[in-house]
$ cat model_24.csv   # CSV, C-alpha atoms and all ligand atoms
chain,number,residue,atom,x,y,z
H,1,MET,CA,16.3,-10.5,-65.4
H,2,SER,CA,19.9,-10.1,-64.7
H,3,GLY,CA,21.5,-11.0,-68.1
H,4,LYS,CA,25.0,-11.6,-66.9
H,5,SER,CA,24.5,-14.4,-64.4
H,6,THR,CA,26.9,-17.3,-64.9
H,7,ILE,CA,25.4,-20.7,-64.8
H,8,LEU,CA,27.5,-23.8,-64.3
H,9,VAL,CA,25.9,-26.8,-65.8
H,10,VAL,CA,27.4,-30.2,-64.8
H,11,GLU,CA,26.0,-32.8,-67.2
H,12,ASP,CA,27.8,-35.6,-69.0
H,13,GLU,CA,25.0,-36.3,-71.6
H,14,ARG,CA,26.0,-34.2,-74.5
H,15,LYS,CA,22.6,-34.0,-76.0
H,16,ILE,CA,21.1,-32.5,-72.9
H,17,SER,CA,24.0,-30.1,-72.1
H,18,ASP,CA,23.9,-28.8,-75.7
H,19,ILE,CA,20.2,-27.9,-75.4
H,20,VAL,CA,20.5,-26.4,-72.0
H,21,LYS,CA,23.5,-24.3,-73.2
H,22,LEU,CA,21.5,-23.0,-76.1
H,23,TYR,CA,18.6,-22.0,-73.9
H,24,LEU,CA,20.8,-20.3,-71.4
H,25,GLU,CA,22.6,-18.3,-74.1
H,26,ARG,CA,19.3,-17.4,-75.7
H,27,GLU,CA,18.1,-16.0,-72.3
H,28,GLY,CA,21.3,-13.9,-71.9
H,29,PHE,CA,23.0,-16.1,-69.3
H,30,ARG,CA,26.6,-17.0,-69.4
H,31,PRO,CA,26.8,-20.9,-69.4
H,32,LEU,CA,29.8,-22.8,-68.1
H,33,MET,CA,29.6,-26.4,-69.2
H,34,ALA,CA,31.2,-29.3,-67.4
H,35,GLY,CA,31.0,-33.0,-68.4
H,36,SER,CA,32.2,-34.2,-65.0
H,37,ALA,CA,32.4,-33.2,-61.4
H,38,GLU,CA,36.2,-32.8,-61.7
H,39,GLU,CA,35.7,-30.3,-64.5
H,40,ALA,CA,33.0,-28.6,-62.5
H,41,LEU,CA,35.5,-28.0,-59.6
H,42,ARG,CA,37.8,-26.1,-61.9
H,43,HIS,CA,34.9,-24.0,-63.3
H,44,LEU,CA,33.8,-23.2,-59.7
H,45,LYS,CA,36.8,-20.9,-59.4
H,46,GLN,CA,35.0,-18.5,-61.7
H,47,ASN,CA,32.3,-18.0,-59.0
H,48,PRO,CA,29.2,-18.9,-61.0
H,49,ASP,CA,25.9,-17.6,-59.7
H,50,LEU,CA,24.1,-21.0,-59.8
H,51,VAL,CA,24.9,-24.6,-60.4
H,52,VAL,CA,22.7,-27.1,-62.4
H,53,LEU,CA,24.0,-30.5,-61.4
H,54,ASP,CA,23.2,-33.9,-62.9
H,55,LEU,CA,23.5,-36.5,-60.1
H,56,MET,CA,24.6,-39.4,-62.4
H,57,LEU,CA,28.1,-38.5,-63.5
H,58,PRO,CA,31.1,-40.5,-64.5
H,59,GLY,CA,33.7,-40.5,-61.7
H,60,LEU,CA,32.9,-38.3,-58.8
H,61,GLN,CA,29.1,-38.3,-58.3
H,62,GLY,CA,26.8,-35.3,-58.3
H,63,GLU,CA,25.9,-35.9,-54.7
H,64,ASP,CA,29.5,-35.7,-53.7
H,65,LEU,CA,30.1,-32.6,-55.7
H,66,CYS,CA,27.0,-31.0,-54.1
H,67,ALA,CA,28.3,-31.8,-50.6
H,68,MET,CA,31.7,-30.3,-51.6
H,69,ILE,CA,30.1,-27.1,-52.9
H,70,ARG,CA,28.1,-26.7,-49.7
H,71,GLN,CA,31.2,-26.9,-47.6
H,72,ASN,CA,32.3,-23.6,-49.1
H,73,SER,CA,29.4,-21.8,-50.5
H,74,ASP,CA,25.7,-20.8,-50.4
H,75,ILE,CA,25.4,-20.8,-54.2
H,76,PRO,CA,22.0,-22.1,-55.4
H,77,VAL,CA,22.2,-25.7,-56.7
H,78,ILE,CA,19.5,-27.3,-58.9
H,79,MET,CA,19.8,-31.0,-59.2
H,80,LEU,CA,19.1,-32.6,-62.5
H,81,THR,CA,18.2,-36.2,-62.0
H,82,ALA,CA,16.8,-39.2,-63.8
H,83,LYS,CA,16.1,-40.6,-60.4
H,84,THR,CA,12.4,-40.3,-59.7
H,85,GLY,CA,12.7,-42.1,-56.4
H,86,GLU,CA,11.8,-39.9,-53.5
H,87,ASP,CA,14.7,-41.2,-51.5
H,88,ASP,CA,17.2,-39.8,-54.0
H,89,ILE,CA,15.5,-36.4,-54.2
H,90,ILE,CA,15.4,-36.2,-50.4
H,91,LYS,CA,19.0,-37.2,-50.2
H,92,GLY,CA,20.0,-34.5,-52.7
H,93,LEU,CA,18.0,-31.9,-50.9
H,94,SER,CA,19.5,-32.9,-47.6
H,95,LEU,CA,23.0,-32.4,-49.2
H,96,GLY,CA,22.1,-28.8,-49.7
H,97,ALA,CA,20.5,-28.7,-53.2
H,98,ASP,CA,17.9,-26.0,-53.4
H,99,ASP,CA,15.6,-27.5,-56.0
H,100,TYR,CA,15.5,-30.4,-58.4
H,101,VAL,CA,14.2,-31.1,-61.9
H,102,THR,CA,13.4,-34.7,-62.9
H,103,LYS,CA,14.4,-35.9,-66.4
H,104,PRO,CA,13.0,-35.8,-68.9
H,105,PHE,CA,12.4,-32.1,-68.5
H,106,SER,CA,11.6,-29.2,-70.8
H,107,PRO,CA,14.3,-26.5,-71.0
H,108,GLY,CA,11.7,-23.9,-70.3
H,109,GLU,CA,10.9,-25.6,-67.0
H,110,LEU,CA,14.6,-25.7,-66.0
H,111,LEU,CA,15.0,-22.0,-67.0
H,112,ALA,CA,12.0,-21.1,-64.8
H,113,ARG,CA,13.6,-22.9,-61.9
H,114,ILE,CA,16.9,-21.2,-62.5
H,115,LYS,CA,15.3,-17.7,-62.5
H,116,ALA,CA,13.3,-18.4,-59.4
H,117,GLN,CA,16.5,-19.5,-57.5
H,118,LEU,CA,18.5,-16.5,-58.8
H,119,ARG,CA,15.7,-14.2,-57.5
H,120,ARG,CA,15.6,-15.9,-54.2
H,121,HIS,CA,19.4,-15.8,-53.7
H,122,LYS,CA,19.9,-12.3,-54.9
H,123,ARG,CA,22.0,-10.6,-52.3
H,124,PRO,CA,19.3,-9.2,-50.1
H,125,TYR,CA,21.2,-6.3,-48.6
H,126,THR,CA,23.6,-3.9,-50.4
H,127,ARG,CA,23.8,-1.7,-47.4
H,128,MET,CA,23.7,-3.1,-43.9
H,129,SER,CA,23.6,-1.2,-40.6
H,130,PHE,CA,24.4,-2.6,-37.2
H,131,ASN,CA,24.2,-1.5,-33.6
H,132,ARG,CA,22.1,1.6,-34.3
H,133,GLY,CA,24.2,2.8,-37.1
H,134,ALA,CA,27.6,2.3,-35.3
H,135,LEU,CA,28.7,0.1,-38.2
H,136,VAL,CA,27.5,0.6,-41.7
H,137,ILE,CA,28.6,-1.7,-44.5
H,138,ASP,CA,27.9,-0.8,-48.1
H,139,VAL,CA,28.6,-3.9,-50.1
H,140,LEU,CA,28.2,-2.4,-53.6
H,141,LYS,CA,30.3,0.7,-52.8
H,142,ARG,CA,32.8,-1.3,-50.8
H,143,GLU,CA,32.5,1.1,-47.9
H,144,VAL,CA,32.6,0.6,-44.2
H,145,ILE,CA,31.6,3.4,-41.9
H,146,ARG,CA,32.2,3.3,-38.2
H,147,ASP,CA,30.5,6.0,-36.1
H,148,GLY,CA,30.2,8.1,-39.2
H,149,GLU,CA,33.9,7.8,-40.1
H,150,PRO,CA,34.8,5.8,-43.3
H,151,LEU,CA,37.4,3.1,-42.6
H,152,THR,CA,40.1,1.9,-44.9
H,153,LEU,CA,39.9,-1.9,-45.1
H,154,THR,CA,42.0,-4.3,-47.2
H,155,PRO,CA,40.1,-6.4,-49.7
H,156,SER,CA,40.6,-9.4,-47.4
H,157,GLU,CA,39.4,-7.6,-44.3
H,158,PHE,CA,36.4,-6.3,-46.3
H,159,GLY,CA,35.6,-9.8,-47.6
H,160,ILE,CA,35.8,-11.3,-44.2
H,161,LEU,CA,33.6,-8.6,-42.7
H,162,VAL,CA,30.9,-8.9,-45.4
H,163,SER,CA,31.0,-12.8,-45.3
H,164,LEU,CA,30.4,-12.7,-41.5
H,165,SER,CA,28.0,-9.8,-41.3
H,166,GLU,CA,25.7,-11.2,-44.0
H,167,ARG,CA,25.2,-14.2,-41.8
H,168,PRO,CA,24.8,-12.8,-38.3
H,169,GLY,CA,24.9,-15.5,-35.6
H,170,ARG,CA,26.3,-18.1,-37.8
H,171,VAL,CA,29.7,-19.6,-37.1
H,172,LEU,CA,32.0,-19.7,-40.0
H,173,SER,CA,35.2,-21.8,-40.0
H,174,ARG,CA,38.5,-20.3,-41.2
H,175,LEU,CA,38.4,-22.5,-44.2
H,176,GLN,CA,34.9,-21.3,-45.1
H,177,LEU,CA,36.1,-17.7,-44.7
H,178,VAL,CA,39.1,-18.4,-46.9
H,179,ASN,CA,36.8,-19.8,-49.6
H,180,MET,CA,34.3,-17.0,-49.4
H,181,VAL,CA,36.9,-14.3,-49.5
H,182,GLN,CA,39.2,-15.7,-52.2
H,183,GLY,CA,36.7,-17.7,-54.2
H,184,TYR,CA,37.3,-21.4,-54.4
H,185,ASP,CA,40.8,-22.2,-53.2
H,186,PHE,CA,41.1,-25.7,-51.9
H,187,GLU,CA,44.6,-25.2,-50.7
H,188,GLY,CA,43.6,-22.2,-48.6
H,189,TYR,CA,45.6,-20.3,-46.1
H,190,GLU,CA,43.5,-20.7,-43.0
H,191,ARG,CA,46.1,-19.2,-40.6
H,192,THR,CA,46.1,-15.8,-42.4
H,193,ILE,CA,42.4,-15.4,-41.5
H,194,ASP,CA,43.4,-14.9,-37.8
H,195,ALA,CA,45.7,-12.1,-38.8
H,196,HIS,CA,43.1,-10.4,-41.0
H,197,VAL,CA,40.5,-10.7,-38.2
H,198,LYS,CA,43.0,-9.2,-35.7
H,199,ASN,CA,43.6,-6.2,-38.0
H,200,LEU,CA,39.9,-5.9,-38.7
H,201,ARG,CA,39.1,-5.7,-35.0
H,202,GLN,CA,41.6,-2.9,-34.6
H,203,LYS,CA,39.6,-1.0,-37.0
H,204,ILE,CA,36.0,-1.8,-36.2
H,205,GLU,CA,36.0,-2.7,-32.5
H,206,ASP,CA,36.2,-0.1,-29.7
H,207,ASP,CA,38.0,-2.7,-27.6
H,208,PRO,CA,39.4,-5.5,-29.7
H,209,LYS,CA,39.7,-7.7,-26.6
H,210,ASN,CA,36.0,-7.4,-25.9
H,211,PRO,CA,34.6,-7.4,-29.5
H,212,ILE,CA,31.0,-6.5,-30.1
H,213,PHE,CA,31.0,-7.4,-33.8
H,214,ILE,CA,33.3,-10.4,-34.5
H,215,LYS,CA,33.4,-13.0,-31.8
H,216,THR,CA,36.0,-15.9,-31.8
H,217,ILE,CA,34.4,-19.3,-31.4
H,218,TYR,CA,37.3,-21.3,-30.0
H,219,GLY,CA,38.3,-24.3,-32.0
H,220,VAL,CA,35.7,-23.5,-34.7
H,221,GLY,CA,36.0,-20.0,-36.2
H,222,TYR,CA,34.3,-16.7,-36.0
H,223,LYS,CA,30.8,-15.4,-35.6
H,224,PHE,CA,29.2,-12.0,-36.3
H,225,ILE,CA,27.4,-10.7,-33.2
H,226,GLY,CA,26.5,-7.2,-34.2
H,227,VAL,CA,22.8,-6.4,-34.0
H,228,LYS,CA,21.2,-5.5,-37.3
H,229,ASP,CA,19.2,-2.3,-37.4
H,230,GLU,CA,15.7,-2.3,-38.7
H,231,GLU,CA,15.5,-1.2,-42.4
I,301,CA,CA,24.3,-38.2,-66.4
$ encode --input "model_24.csv" --output "structure tokens" --more "lines below"
Ligand code: CA
Amino acid sequence: MSGKSTILVVEDERKISDIVKLYLEREGFRPLMAGSAEEALRHLKQNPDLVVLDLMLPGLQGEDLCAMIRQNSDIPVIMLTAKTGEDDIIKGLSLGADDYVTKPFSPGELLARIKAQLRRHKRPYTRMSFNRGALVIDVLKREVIRDGEPLTLTPSEFGILVSLSERPGRVLSRLQLVNMVQGYDFEGYERTIDAHVKNLRQKIEDDPKNPIFIKTIYGVGYKFIGVKDEE
């Protein structure tokens, strides 16, 4: 198991959060504890690998936080809930939670769910190849190769390219891209995305006016249209 995964736990009941924290530490995880959704929003800037989210919170509710997280991120969310009603569980899952654990729960069960989600969400590709090798992106090495030639991309350009190419065919808004590239930044600078994409196209597209990789979806954002090569 990857021992360095950061787990954000949003739980206002001290007794529960203390036990969960203890178990997480014992398993080699790095726990980030939040007693409220507001506190959780601050911790999200540290880009945790998974969120354990109690639905019943003081102030901003767990459901609202889950929806906010989903606007910006694919991070796995496990709901922790005293609600056993099916409606609440369905609502939580429809808000984008990946799994749920009903209270009372055993810490061992929660840990098993956390590990399962981390395995499932593990970045599936470290090296992606598109259009018969015309564009190769090595996420770990932070390398982009176009027709065999390595390109020099800025961190923002690289982040935008990876965010889009990991989700071929999916339209991402400028705000989503800002958040994916810069981590959680609710102020965001959406306009700068256009400039970065323009520069990126100069580097990866043969004809930036007729892109074969990054397509503009007017009024919405951008979509990656490169064709992924078979592994
Ligand atoms: Ca609670």
$ closest_residue --input "model_24.csv" --among "H:Ile212, H:Thr154, H:Arg167, H:Tyr100" --to "Asn199 (chain H)" --atoms "only C-alpha atoms"
H:Thr154
$ residues_near_ligand --input "model_24.csv" --ligand "ligand CA 301 (chain I)" --cutoff "6 Å" --atoms "all atoms listed in the file" --output "VMD selection string"
chain H and resid 11 to 13 54 56 to 57
$ write_last_selection --input "model_24.csv" --atoms "C-alpha atoms" --output "PDB file, in the frame of the given file"
ATOM      1  CA  GLU H  11      26.000 -32.800 -67.200  1.00  0.00           C
ATOM      2  CA  ASP H  12      27.800 -35.600 -69.000  1.00  0.00           C
ATOM      3  CA  GLU H  13      25.000 -36.300 -71.600  1.00  0.00           C
ATOM      4  CA  ASP H  54      23.200 -33.900 -62.900  1.00  0.00           C
ATOM      5  CA  MET H  56      24.600 -39.400 -62.400  1.00  0.00           C
ATOM      6  CA  LEU H  57      28.100 -38.500 -63.500  1.00  0.00           C
TER       7      LEU H  57
END
$ residues_around --input "model_24.csv" --residues "region 20-29 of chain H" --least-positions-apart "3" --cutoff "10 Å" --atoms "all atoms listed in the file" --output "list in words"
Met1, Ser2, Gly3, Lys4, Ser5, Thr6, Ile7, Leu8, Val9, Glu11, Arg14, Lys15, Ile16, Ser17, Leu32, Met33, Val52, Ser106, Pro107, Gly108, Leu110, Leu111 and Ile114 of chain H
$ closest_residue --input "model_24.csv" --among "H:Val10, H:Ile69, H:Lys198, H:Val51" --to "Ser36 (chain H)" --atoms "all atoms listed in the file"
H:Val10
$ closest_atom_pairs --input "model_24.csv" --of "region 115-190 of chain H" --to "region 73-77 of chain H" --cutoff "8 Å" --atoms "all atoms listed in the file" --output "tab-separated table"
residue	atom	partner	partner_atom	distance
H:Gln117	CA	H:Pro76	CA	6.4
H:Leu118	CA	H:Pro76	CA	7.4
H:His121	CA	H:Pro76	CA	7.0
H:Gln176	CA	H:Ser73	CA	7.7
H:Asn179	CA	H:Ser73	CA	7.7
H:Met180	CA	H:Ser73	CA	6.9
$ decode --input "model_24.csv" --residues "region 188-200 of chain H" --atoms "N, CA, C and O atoms" --output "mmCIF file, in the first residue's frame"
data_model
loop_
_atom_site.group_PDB
_atom_site.id
_atom_site.type_symbol
_atom_site.label_atom_id
_atom_site.label_comp_id
_atom_site.auth_asym_id
_atom_site.auth_seq_id
_atom_site.Cartn_x
_atom_site.Cartn_y
_atom_site.Cartn_z
ATOM 1 N N GLY H 188 -9.199 31.807 -8.474
ATOM 2 C CA GLY H 188 -8.987 31.360 -9.852
ATOM 3 C C GLY H 188 -8.715 32.490 -10.823
ATOM 4 O O GLY H 188 -9.087 33.632 -10.608
ATOM 5 N N TYR H 189 -8.015 32.167 -11.883
ATOM 6 C CA TYR H 189 -7.784 33.134 -12.940
ATOM 7 C C TYR H 189 -8.154 32.457 -14.251
ATOM 8 O O TYR H 189 -7.319 31.935 -14.951
ATOM 9 N N GLU H 190 -9.453 32.463 -14.523
ATOM 10 C CA GLU H 190 -9.928 31.677 -15.654
ATOM 11 C C GLU H 190 -9.404 32.181 -16.988
ATOM 12 O O GLU H 190 -9.181 31.410 -17.904
ATOM 13 N N ARG H 191 -9.224 33.482 -17.099
ATOM 14 C CA ARG H 191 -8.804 34.063 -18.379
ATOM 15 C C ARG H 191 -7.409 33.599 -18.789
ATOM 16 O O ARG H 191 -7.107 33.502 -19.972
ATOM 17 N N THR H 192 -6.557 33.358 -17.792
ATOM 18 C CA THR H 192 -5.189 32.970 -18.136
ATOM 19 C C THR H 192 -5.157 31.601 -18.806
ATOM 20 O O THR H 192 -4.226 31.288 -19.524
ATOM 21 N N ILE H 193 -6.191 30.785 -18.574
ATOM 22 C CA ILE H 193 -6.245 29.464 -19.207
ATOM 23 C C ILE H 193 -6.202 29.614 -20.731
ATOM 24 O O ILE H 193 -5.495 28.877 -21.420
ATOM 25 N N ASP H 194 -6.942 30.569 -21.255
ATOM 26 C CA ASP H 194 -6.966 30.763 -22.713
ATOM 27 C C ASP H 194 -5.574 31.047 -23.257
ATOM 28 O O ASP H 194 -5.182 30.525 -24.300
ATOM 29 N N ALA H 195 -4.831 31.880 -22.543
ATOM 30 C CA ALA H 195 -3.478 32.207 -22.989
ATOM 31 C C ALA H 195 -2.570 30.978 -22.944
ATOM 32 O O ALA H 195 -1.785 30.741 -23.873
ATOM 33 N N HIS H 196 -2.706 30.196 -21.876
ATOM 34 C CA HIS H 196 -1.882 28.984 -21.773
ATOM 35 C C HIS H 196 -2.224 27.988 -22.886
ATOM 36 O O HIS H 196 -1.341 27.379 -23.478
ATOM 37 N N VAL H 197 -3.515 27.844 -23.164
ATOM 38 C CA VAL H 197 -3.926 26.903 -24.218
ATOM 39 C C VAL H 197 -3.404 27.379 -25.573
ATOM 40 O O VAL H 197 -2.942 26.581 -26.395
ATOM 41 N N LYS H 198 -3.441 28.674 -25.776
ATOM 42 C CA LYS H 198 -2.935 29.219 -27.046
ATOM 43 C C LYS H 198 -1.450 28.860 -27.219
ATOM 44 O O LYS H 198 -1.023 28.382 -28.274
ATOM 45 N N ASN H 199 -0.685 29.074 -26.152
ATOM 46 C CA ASN H 199 0.748 28.744 -26.214
ATOM 47 C C ASN H 199 0.974 27.240 -26.373
ATOM 48 O O ASN H 199 1.866 26.811 -27.104
ATOM 49 N N LEU H 200 0.173 26.477 -25.669
ATOM 50 C CA LEU H 200 0.270 25.017 -25.737
ATOM 51 C C LEU H 200 0.014 24.536 -27.165
ATOM 52 O O LEU H 200 0.723 23.671 -27.691
#
